[in-house]
Amino acid sequence: MLGRLLRGLWQRWRRYKYRFVPWIALNLNHNPRTLRYVPEESKDKVISDEDVLGTLLKVFQALFINDFNKQSDILTMLPETVKSKYHDLLSVQHPRVKPLEYRHEQQNTFKPEEILYKTLGFSVAQATSSLISAGKGVFVTRGLVPKGAVVSMYPGNGTVSALPRVSYLSTNISSSTVYQKYEPIFFQSIGNPFIFRCLDGVLIDGNDKGISKVVYRSCNGRDRLGPFKMSDSTWLTSEICNPLAVGQYVNNCSNDRAANVCYQEFDVPAIFPVELKQYLPNIAYSCDKQSPLRCVILVALRDIKQGEELFSNYYTIVS
C-alpha cells in the first residue's frame, strides 16, 4: 500500500516539477537542450502573424465547407458577398453538388483530420507517447510538416499575471481559458500542471478536467451571438472539430529528444470572420472586449516526417 502511494506521488512529481520554480532554477544548466533562448521579446515569433492567420483561415474555411450541411442557420445571417464566397468554394470542392442540395449529401463530408491533410498536406493526432511514463503525445500521422508550418494549437482560457516577463514556461496543454491579472485562478491552479504563461503575463489554463473544464464550458456559452459560436468546446470530447487543437498533449523535449516545434503567441485580429470563430479552441475568462483573444500555436522548427512525435520547449528564456 505504501509502495503504491509512493509511486503515485513520484509520478505526480515528475509531471509537476516543470512548474516548480526552485527545481527549474536548479536544473536549467543540466538540461541545455530543453531550453529555447530568445535574444529579445520582439524576436520570439518564428513566423509572422500574417502567416499564422492565413493558415488558420485556410483550415477553418475548409472545415466550414466540410460542415456546410450544418451551417444553414449561420449562412442566413451572413452578407450575400460572404455567402457567395462559400458557395464558390463549395462548387470548387464539390462540383457535382449544388449548395442547396449539399445538406443531403452527408457522404461527401470528411473527418477533420482528413480535411487537415487535404488542406496543409499533413495531419496530426494524439497517441501514446514514445517517452516512458509520459502518457499521451502528438504524432504526425500523415504527410510531411514543413519547417515554419503551424502544426497545432494550444487551446485554452487565459488571464494576465503579475509575474516578471523575463521568461515563460508551459506544460502539457489543452483547450483553455485565458485569464487577466485581476481574475481568479487560485482554485483552478491547485494541482494543475496545464498552466501556460505568455510573455506578457497572460495565463492560459489548458486543463480539460475538474473546475477548469467547468469554467471553460461556462465561458463558452456566454459569448454566443445567436447561431454564431465564439469558440470551440469539442476538445473536451472525443469528437474534435478542429484537428489542430491537440497541442496540449505535446511533450517536453529532452537532451536525447530535441524540440521540433515551439510555442508562439497569436492575438486573434478584429477582422477574423465571425462564422469561423466556432473553430477557435480558446476563450477569454473576462467579458472585457478591449483585449484581443490570445491563442498559442505550435510552429515546426524543422521538417517533421510522418510517424515522428512532436516535442516542444517548455521553457523559453528571453534575454
# chains A, B, ... in the order shown; residues from 1 in each chain; ligands from 1

call {"tool": "residues_around", "arguments": {"residues": "Asp267 of chain A", "least_positions_apart": "5", "cutoff": "7 Å", "atoms": "only C-alpha atoms", "output": "tab-separated table (two decimals) with N, CA, C and O atoms, in the first residue's frame"}}
result
chain	number	residue	atom	x	y	z
A	292	PRO	N	-7.76	41.64	-27.32
A	292	PRO	CA	-7.94	40.59	-28.33
A	292	PRO	C	-7.78	39.21	-27.71
A	292	PRO	O	-7.10	39.05	-26.69
A	293	LEU	N	-8.40	38.22	-28.29
A	293	LEU	CA	-8.32	36.86	-27.79
A	293	LEU	C	-6.92	36.31	-28.01
A	293	LEU	O	-6.41	36.33	-29.13
A	294	ARG	N	-6.30	35.82	-26.95
A	294	ARG	CA	-4.95	35.25	-27.05
A	294	ARG	C	-5.02	33.76	-27.40
A	294	ARG	O	-5.71	32.99	-26.75
A	295	CYS	N	-4.27	33.39	-28.40
A	295	CYS	CA	-4.11	31.99	-28.76
A	295	CYS	C	-2.62	31.66	-28.74
A	295	CYS	O	-1.78	32.56	-28.81

call {"tool": "select_by_dssp", "arguments": {"residues": "segment 35-126 of chain A", "states": "strand (DSSP E or B)", "output": "list in words"}}
result
Leu35, Arg36, Tyr37, Val38, Phe122, Ser123, Val124, Ala125 and Gln126 of chain A

call {"tool": "residues_around", "arguments": {"residues": "segment 58-67 of chain A", "least_positions_apart": "3", "cutoff": "8 Å", "atoms": "only C-alpha atoms", "output": "JSON, numbers by chain"}}
result
{"A": [54, 55, 70, 71, 86, 89, 90, 108, 109, 110, 112, 115, 116, 119, 120, 242, 276, 279]}

call {"tool": "residues_around", "arguments": {"residues": "Trp235 of chain A", "least_positions_apart": "2", "cutoff": "7 Å", "atoms": "only C-alpha atoms", "output": "PyMOL selection string"}}
result
chain A and resi 175+233+237+240+245

call {"tool": "write_last_selection", "arguments": {"atoms": "C-alpha atoms", "output": "PDB file, in the first residue's frame"}}
result
ATOM      1  CA  SER A 175      -8.133  23.962 -24.844  1.00  0.00           C
ATOM      2  CA  SER A 233     -15.512  23.187 -26.909  1.00  0.00           C
ATOM      3  CA  THR A 237     -14.930  15.314 -26.223  1.00  0.00           C
ATOM      4  CA  ILE A 240     -12.763  17.134 -32.084  1.00  0.00           C
ATOM      5  CA  ALA A 245      -6.417  21.514 -31.224  1.00  0.00           C
TER       6      ALA A 245
END

call {"tool": "closest_residue", "arguments": {"among": "A:Ser238, A:Thr34, A:Gln278, A:Ser91", "to": "Phe311 of chain A", "atoms": "only C-alpha atoms"}}
result
A:Thr34

call {"tool": "atom_distance", "arguments": {"atom1": "atom CA of Glu40 of chain A", "atom2": "atom CA of Lys147 of chain A"}}
result
21.9 Å

call {"tool": "closest_residue", "arguments": {"among": "A:Phe228, A:Tyr263, A:Phe272, A:Phe122", "to": "Asn313 of chain A", "atoms": "only C-alpha atoms"}}
result
A:Tyr263

call {"tool": "atom_distance", "arguments": {"atom1": "atom CA of Val46 of chain A", "atom2": "atom CA of Val150 of chain A"}}
result
10.2 Å

call {"tool": "atom_distance", "arguments": {"atom1": "atom CA of Glu265 of chain A", "atom2": "atom CA of Val296 of chain A"}}
result
4.5 Å

call {"tool": "residues_around", "arguments": {"residues": "Leu280 of chain A", "least_positions_apart": "5", "cutoff": "8 Å", "atoms": "only C-alpha atoms", "output": "PDB file with C-alpha atoms, in the first residue's frame"}}
result
ATOM      1  CA  PRO A 155      -6.454  25.704 -26.807  1.00  0.00           C
ATOM      2  CA  MET A 230     -17.405  32.356 -30.432  1.00  0.00           C
ATOM      3  CA  SER A 231     -15.257  29.328 -29.562  1.00  0.00           C
ATOM      4  CA  ASP A 232     -14.954  25.573 -29.813  1.00  0.00           C
ATOM      5  CA  ASN A 242     -10.632  21.460 -35.000  1.00  0.00           C
TER       6      ASN A 242
END

call {"tool": "closest_residue", "arguments": {"among": "A:Val250, A:Val202, A:Ile283, A:Cys262", "to": "Leu298 of chain A", "atoms": "only C-alpha atoms"}}
result
A:Cys262

call {"tool": "closest_residue", "arguments": {"among": "A:Arg257, A:Lys43, A:Arg197, A:Lys85", "to": "Glu308 of chain A", "atoms": "only C-alpha atoms"}}
result
A:Arg257

call {"tool": "closest_residue", "arguments": {"among": "A:Ala127, A:Val92, A:Val268, A:Ala284", "to": "Val215 of chain A", "atoms": "only C-alpha atoms"}}
result
A:Ala284
